[in-house]
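Okay, so here's the structure we're looking at.
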Amino acid sequence: MQHPSPTIANDRRIEAMLLHREIEEFNTAYAAALDEQRLTDWAEMFTDDAFYVVISRENDDRNMPVGLIYCENQGMIYDRAFAHEKTEMFAPRYLRHIIGNVQVLGEEGNGDVRARANYVVIQVLFDRPEAKLHQVGVYRDKFRRVGDRLKLAERRCVYDNLLVENSLCLPV
Amino acid sequence: MQHPSPTIANDRRIEAMLLHREIEEFNTAYAAALDEQRLTDWAEMFTDDAFYVVISRENDDRNMPVGLIYCENQGMIYDRAFAHEKTEMFAPRYLRHIIGNVQVLGEEGNGDVRARANYVVIQVLFDRPEAKLHQVGVYRDKFRRVGDRLKLAERRCVYDNLLVENSLCLPV
Amino acid sequence: MQHPSPTIANDRRIEAMLLHREIEEFNTAYAAALDEQRLTDWAEMFTDDAFYVVISRENDDRNMPVGLIYCENQGMIYDRAFAHEKTEMFAPRYLRHIIGNVQVLGEEGNGDVRARANYVVIQVLFDRPEAKLHQVGVYRDKFRRVGDRLKLAERRCVYDNLLVENSLCLPV
């Protein structure tokens with residue numbers, strides 16, 4: 001297979017690959033925080049003004065704003081983490097995120113990077129033996145560099161399934 | 001961990017990584033085209049003389065040629081896209097492809113690159129609430145560079161499940 | 001998005017990316033060996049003194065050692081492969097591993113590299129039509145370089161599901 005690859009073009013491809021890797025790494029850490037129910041760590045992965053929503057594909061396709069979870073800034077995201085860790089009652093369960101098909105889409109005027117990824121969340125309830133597909137969908141993201149770390153300025157979790165079984169207790 | 005890594009060896013490893021990344025990127029765009037039901041975009045990802053087949057692991061293991069979908073060139077692939085978009089009747093649904101375990105296997109005499117990947121297609125039918133494993137299998141591929149883009153000269157989609165539920169309406 | 005990227009920092013990031021890629025490649029070959037039931041090839045991917053265990057998340061969280069499979073060196077791992085290929089009786093099936101979210105965690109004093117990855121094993125039994133989530137969990141690994149190849153000095157397969165359906169016949 002012939003490559004159109006003088007050094008300068010290669011440098012750009014390597015830069016693109018490093019950014020892709022960095023976002024993949026972010027998503028892996030994000031998944032681990034949720035799978036291990038470290039919700040404060042999860043909340044810290046967003047910017048102060050972050051927008052976070054978990055919304056059905058039906059609503060998203062029609063530009064309807066209502067979602068299962070809807071947070072307009074990091075304060076609301078911390079609130080969500082606190083509620084989950086301290087006040088909510090729900091059946092104990094294990095969750096496992098598989099995040100794949102990560103794609104860097106481009107850069108906004110302000111330097112934010114638009115990206116997407118497919119996700120599958122598999123759930124095991126402690127009173128049922130088998131693992132089940134809990135939620136399947138796509139993350140539509142804006143990443144921002146804060147210091148030397150990436151953070152999410154926006155994550156729209158758009159899920160395909162029409163019903164989220166056994167209620168949604170945890171963010172995705 | 002010790003690396004056997006003089007610069008020249010590293011350059012080869014970086015080249016290999018760039019090619020792997022390019023094929024992963026191709027597969028991500030391929031999955032997005034199918035998930036968003038942009039079948040003409042899907043058909044454009046093949047070469048003129050492309051071979052595309054969706055075949056059971058049972059038949060593939062025995063070198064039996066019959067598949068659920070069988071296309072011997074891009075014309076037949078466009079036909080499939082057109083049929084789906086304009087003439088077929090089927091229950092509305094969402095699909096979500098997760099493509100993982102991408103592996104570059106080597107180069108053919110003519111420069112085509114052989115590769116493989118595992119895939120999972122998760123389906124949500126609009127009249128049923130839950131997400132289901134629709135199809136699981138492996139892509140066996142030959143990629144060819146056409147201009148500055150990769151295209152598929154061959155994709156064999158070999159699926160494990162013995163039954164493809166609710167009929168197969170869409171390519172994988 | 002601004003990059004803090006002088007050349008020397010980039011070189012370190014490229015080294016990290018190459019190691020990540022190498023581990024991903026290992027995992028892909030590992031999955032292929034199991035999916036194609038080449039268990040001797042699978043056993044060769046471990047070091048002489050390798051530790052391999054398949055253990056429930058419940059037991060792992062409580063530091064209980066008992067697992068479904070428990071091997072304290074490569075001899076026991078070869079034994080397992082031999083038993084499976086030559087002596088065990090079990091219902092025929094297809095398996096498909098999806099390994100994702102690969103993360104390099106750091107280096108031990110002796111040069112071993114700690115890493116992790118999420119895995120999903122999807123099973124099709126020959127007498128049932130549909131594909132099912134067979135096992136879902138995390139690999140907790142130590143990799144060691146032996147000659148020019150990576151090998152597993154330790155793999156702990158920690159699964160979420162409370163029941164492993166239809167008995168576990170194959171390693172994961």
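Starting from 1 in every chain, residues are counted up; chains themselves are A, B, ... following the order of the structure tokens, and ligands are numbered from 1 as listed.
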Give me the residues within 12 Å of Asn59 of chain B as a list in words, counting only C-alpha atoms and dropping any in the same chain fewer than 4 places off.
Val53, Val54, Ile55, Asn63, Met64, Pro65, Val66, Gly67, Leu68, Arg156, Cys157, Val158, Tyr159, Asp160, Asn161 and Leu162 of chain B
Sort by chain and increasing residue number a table of all residues of chain C within 8 Å of chain A, each with its closest pair of atoms and their distance in Å to one decimal, counting only C-alpha atoms, and write it as CSV.
residue,atom,partner,partner_atom,distance
C:Met1,CA,A:Gly111,CA,4.3
C:Gln2,CA,A:Arg145,CA,7.2
C:Pro4,CA,A:Asp148,CA,7.3
C:Arg13,CA,A:Leu18,CA,7.4
C:Ile14,CA,A:Leu18,CA,7.4
C:Met17,CA,A:Arg21,CA,7.3
C:Gly100,CA,A:Ile98,CA,6.3
C:Asn101,CA,A:Thr28,CA,5.1
C:Val102,CA,A:Thr28,CA,7.3
C:Gln103,CA,A:Thr28,CA,7.0
C:Asn118,CA,A:Ile98,CA,6.9
C:Leu133,CA,A:Ala131,CA,6.5
C:His134,CA,A:Ala131,CA,7.8
C:Gln135,CA,A:Ala131,CA,7.5
C:Val136,CA,A:Ala131,CA,7.3
C:Gly137,CA,A:Arg96,CA,7.2
C:Asp160,CA,A:Tyr94,CA,6.5
C:Asn161,CA,A:Ala131,CA,5.5
C:Leu162,CA,A:Pro129,CA,4.9
C:Leu163,CA,A:Pro129,CA,5.0
C:Val164,CA,A:Glu130,CA,7.7
C:Glu165,CA,A:Glu130,CA,7.8
Output of the above residues as a PDB file, in the first residue's frame, restricted to N, CA, C and O atoms:
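Below you can see out.pdb, which holds the result:
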ATOM      1  N   MET C   1      -7.165  23.752  20.367  1.00  0.00           N
ATOM      2  CA  MET C   1      -6.694  23.235  21.653  1.00  0.00           C
ATOM      3  C   MET C   1      -5.177  23.362  21.727  1.00  0.00           C
ATOM      4  O   MET C   1      -4.464  22.913  20.836  1.00  0.00           O
ATOM      5  N   GLN C   2      -4.691  24.020  22.779  1.00  0.00           N
ATOM      6  CA  GLN C   2      -3.246  24.228  22.894  1.00  0.00           C
ATOM      7  C   GLN C   2      -2.555  22.979  23.406  1.00  0.00           C
ATOM      8  O   GLN C   2      -3.036  22.320  24.305  1.00  0.00           O
ATOM      9  N   PRO C   4       0.877  21.459  25.176  1.00  0.00           N
ATOM     10  CA  PRO C   4       2.166  21.709  25.808  1.00  0.00           C
ATOM     11  C   PRO C   4       3.164  20.719  25.205  1.00  0.00           C
ATOM     12  O   PRO C   4       3.439  19.688  25.774  1.00  0.00           O
ATOM     13  N   ARG C  13       5.405  10.930  24.783  1.00  0.00           N
ATOM     14  CA  ARG C  13       4.022  10.573  24.473  1.00  0.00           C
ATOM     15  C   ARG C  13       3.979   9.502  23.382  1.00  0.00           C
ATOM     16  O   ARG C  13       3.126   8.606  23.410  1.00  0.00           O
ATOM     17  N   ILE C  14       4.906   9.594  22.426  1.00  0.00           N
ATOM     18  CA  ILE C  14       4.938   8.584  21.357  1.00  0.00           C
ATOM     19  C   ILE C  14       5.368   7.230  21.926  1.00  0.00           C
ATOM     20  O   ILE C  14       4.778   6.196  21.597  1.00  0.00           O
ATOM     21  N   MET C  17       2.470   5.773  23.650  1.00  0.00           N
ATOM     22  CA  MET C  17       1.465   5.320  22.689  1.00  0.00           C
ATOM     23  C   MET C  17       1.887   3.993  22.063  1.00  0.00           C
ATOM     24  O   MET C  17       1.057   3.108  21.833  1.00  0.00           O
ATOM     25  N   GLY C 100     -11.663  -3.985  25.296  1.00  0.00           N
ATOM     26  CA  GLY C 100     -11.608  -2.532  25.086  1.00  0.00           C
ATOM     27  C   GLY C 100     -11.087  -1.825  26.316  1.00  0.00           C
ATOM     28  O   GLY C 100     -10.731  -2.451  27.316  1.00  0.00           O
ATOM     29  N   ASN C 101     -11.075  -0.494  26.256  1.00  0.00           N
ATOM     30  CA  ASN C 101     -10.670   0.337  27.400  1.00  0.00           C
ATOM     31  C   ASN C 101      -9.314  -0.088  27.956  1.00  0.00           C
ATOM     32  O   ASN C 101      -9.106  -0.128  29.169  1.00  0.00           O
ATOM     33  N   VAL C 102      -8.365  -0.417  27.064  1.00  0.00           N
ATOM     34  CA  VAL C 102      -7.023  -0.825  27.506  1.00  0.00           C
ATOM     35  C   VAL C 102      -6.300   0.366  28.134  1.00  0.00           C
ATOM     36  O   VAL C 102      -6.291   1.456  27.563  1.00  0.00           O
ATOM     37  N   GLN C 103      -5.715   0.148  29.297  1.00  0.00           N
ATOM     38  CA  GLN C 103      -5.069   1.231  30.040  1.00  0.00           C
ATOM     39  C   GLN C 103      -3.726   0.730  30.588  1.00  0.00           C
ATOM     40  O   GLN C 103      -3.672  -0.313  31.230  1.00  0.00           O
ATOM     41  N   ASN C 118     -11.114  -3.784  29.862  1.00  0.00           N
ATOM     42  CA  ASN C 118     -12.430  -4.393  30.043  1.00  0.00           C
ATOM     43  C   ASN C 118     -12.640  -5.454  28.970  1.00  0.00           C
ATOM     44  O   ASN C 118     -12.138  -5.336  27.858  1.00  0.00           O
ATOM     45  N   LEU C 133     -24.556 -12.598  26.262  1.00  0.00           N
ATOM     46  CA  LEU C 133     -23.435 -12.097  27.051  1.00  0.00           C
ATOM     47  C   LEU C 133     -23.016 -13.216  27.989  1.00  0.00           C
ATOM     48  O   LEU C 133     -23.752 -13.571  28.910  1.00  0.00           O
ATOM     49  N   HIS C 134     -21.850 -13.767  27.778  1.00  0.00           N
ATOM     50  CA  HIS C 134     -21.426 -14.911  28.566  1.00  0.00           C
ATOM     51  C   HIS C 134     -20.690 -14.444  29.825  1.00  0.00           C
ATOM     52  O   HIS C 134     -20.943 -14.934  30.924  1.00  0.00           O
ATOM     53  N   GLN C 135     -19.756 -13.518  29.630  1.00  0.00           N
ATOM     54  CA  GLN C 135     -19.002 -13.036  30.777  1.00  0.00           C
ATOM     55  C   GLN C 135     -18.547 -11.605  30.505  1.00  0.00           C
ATOM     56  O   GLN C 135     -18.201 -11.265  29.377  1.00  0.00           O
ATOM     57  N   VAL C 136     -18.571 -10.782  31.534  1.00  0.00           N
ATOM     58  CA  VAL C 136     -18.209  -9.370  31.424  1.00  0.00           C
ATOM     59  C   VAL C 136     -17.299  -9.049  32.590  1.00  0.00           C
ATOM     60  O   VAL C 136     -17.600  -9.438  33.717  1.00  0.00           O
ATOM     61  N   GLY C 137     -16.198  -8.367  32.334  1.00  0.00           N
ATOM     62  CA  GLY C 137     -15.332  -8.052  33.462  1.00  0.00           C
ATOM     63  C   GLY C 137     -14.114  -7.258  33.076  1.00  0.00           C
ATOM     64  O   GLY C 137     -14.094  -6.570  32.054  1.00  0.00           O
ATOM     65  N   ASP C 160     -17.989  -9.708  36.398  1.00  0.00           N
ATOM     66  CA  ASP C 160     -19.097  -9.068  37.110  1.00  0.00           C
ATOM     67  C   ASP C 160     -20.274 -10.004  37.328  1.00  0.00           C
ATOM     68  O   ASP C 160     -20.946  -9.925  38.358  1.00  0.00           O
ATOM     69  N   ASN C 161     -20.569 -10.836  36.344  1.00  0.00           N
ATOM     70  CA  ASN C 161     -21.816 -11.614  36.444  1.00  0.00           C
ATOM     71  C   ASN C 161     -21.744 -12.607  37.595  1.00  0.00           C
ATOM     72  O   ASN C 161     -20.691 -13.150  37.904  1.00  0.00           O
ATOM     73  N   LEU C 162     -22.881 -12.828  38.216  1.00  0.00           N
ATOM     74  CA  LEU C 162     -22.918 -13.663  39.408  1.00  0.00           C
ATOM     75  C   LEU C 162     -22.950 -15.139  39.038  1.00  0.00           C
ATOM     76  O   LEU C 162     -22.522 -15.990  39.789  1.00  0.00           O
ATOM     77  N   LEU C 163     -23.455 -15.408  37.842  1.00  0.00           N
ATOM     78  CA  LEU C 163     -23.517 -16.776  37.365  1.00  0.00           C
ATOM     79  C   LEU C 163     -22.840 -16.817  36.002  1.00  0.00           C
ATOM     80  O   LEU C 163     -23.041 -15.925  35.191  1.00  0.00           O
ATOM     81  N   VAL C 164     -22.027 -17.833  35.761  1.00  0.00           N
ATOM     82  CA  VAL C 164     -21.476 -18.016  34.425  1.00  0.00           C
ATOM     83  C   VAL C 164     -22.263 -19.150  33.788  1.00  0.00           C
ATOM     84  O   VAL C 164     -22.148 -20.306  34.180  1.00  0.00           O
ATOM     85  N   GLU C 165     -23.102 -18.758  32.851  1.00  0.00           N
ATOM     86  CA  GLU C 165     -24.118 -19.665  32.325  1.00  0.00           C
ATOM     87  C   GLU C 165     -23.505 -20.864  31.638  1.00  0.00           C
ATOM     88  O   GLU C 165     -22.492 -20.762  30.975  1.00  0.00           O
TER      89      GLU C 165
END
In Å, with one decimal, what is the gap from atom CA of Gly75 of chain A to atom CA of Tyr52 of chain A?
11.2 Å
Residues near Asp48 of chain A, cut-off 10 Å, only C-alpha atoms, skip fewer than 6 positions along chain, as a ChimeraX atom specification:
/A:72-77,151-153
Could you pull out the helix (DSSP H, G or I) residues of segment 17-160 of chain C, going by DSSP on the backbone, and write them as a PyMOL selection string?
chain C and resi 17-35+39-43+57-61+74-87
How about saving the chosen residues, C-alpha atoms kept, as a tab-separated table (two decimals), in the first residue's frame?
chain	number	residue	atom	x	y	z
C	17	MET	CA	1.47	5.32	22.69
C	18	LEU	CA	3.69	2.59	21.20
C	19	LEU	CA	3.56	0.61	24.44
C	20	HIS	CA	-0.21	0.99	24.64
C	21	ARG	CA	-0.52	-0.17	21.02
C	22	GLU	CA	1.72	-3.17	21.71
C	23	ILE	CA	-0.47	-4.26	24.63
C	24	GLU	CA	-3.62	-3.74	22.58
C	25	GLU	CA	-2.07	-5.88	19.84
C	26	PHE	CA	-1.26	-8.56	22.41
C	27	ASN	CA	-4.84	-8.55	23.65
C	28	THR	CA	-6.19	-8.82	20.12
C	29	ALA	CA	-3.98	-11.86	19.40
C	30	TYR	CA	-4.99	-13.31	22.79
C	31	ALA	CA	-8.69	-12.93	21.93
C	32	ALA	CA	-8.18	-14.46	18.49
C	33	ALA	CA	-6.42	-17.51	19.99
C	34	LEU	CA	-9.36	-18.11	22.34
C	35	ASP	CA	-12.08	-17.35	19.77
C	39	LEU	CA	-5.49	-23.11	23.37
C	40	THR	CA	-1.85	-24.12	23.01
C	41	ASP	CA	-1.17	-20.75	21.34
C	42	TRP	CA	-3.04	-19.17	24.24
C	43	ALA	CA	-0.86	-20.97	26.84
C	57	ARG	CA	-15.81	-9.53	41.43
C	58	GLU	CA	-17.41	-10.51	44.74
C	59	ASN	CA	-14.44	-12.66	45.74
C	60	ASP	CA	-11.87	-10.26	44.34
C	61	ASP	CA	-13.34	-7.29	46.26
C	74	GLN	CA	2.60	-21.93	32.89
C	75	GLY	CA	2.63	-25.71	33.46
C	76	MET	CA	-0.84	-25.48	35.00
C	77	ILE	CA	-1.92	-23.24	32.12
C	78	TYR	CA	-0.71	-25.81	29.54
C	79	ASP	CA	-2.56	-28.46	31.57
C	80	ARG	CA	-5.72	-26.45	31.24
C	81	ALA	CA	-5.25	-26.16	27.47
C	82	PHE	CA	-4.53	-29.89	27.18
C	83	ALA	CA	-7.54	-30.85	29.31
C	84	HIS	CA	-9.79	-28.70	27.19
C	85	GLU	CA	-8.47	-29.96	23.86
C	86	LYS	CA	-8.14	-33.65	24.71
C	87	THR	CA	-10.27	-34.76	27.64
DSSP on the backbone, then: every residue of segment 4-157 of chain B marked strand (DSSP E), written as a PyMOL selection string.
chain B and resi 46-56+69-71+93-107+113-125+132-146+149-157
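If you look at atom CA of Leu170 of chain C and atom CA of Glu88 of chain C, they are 10.3 Å away from each other.
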Atom CA of Tyr119 of chain B to atom CA of Arg140 of chain B: how many Å, to one decimal?
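It comes out at 10.8 Å.
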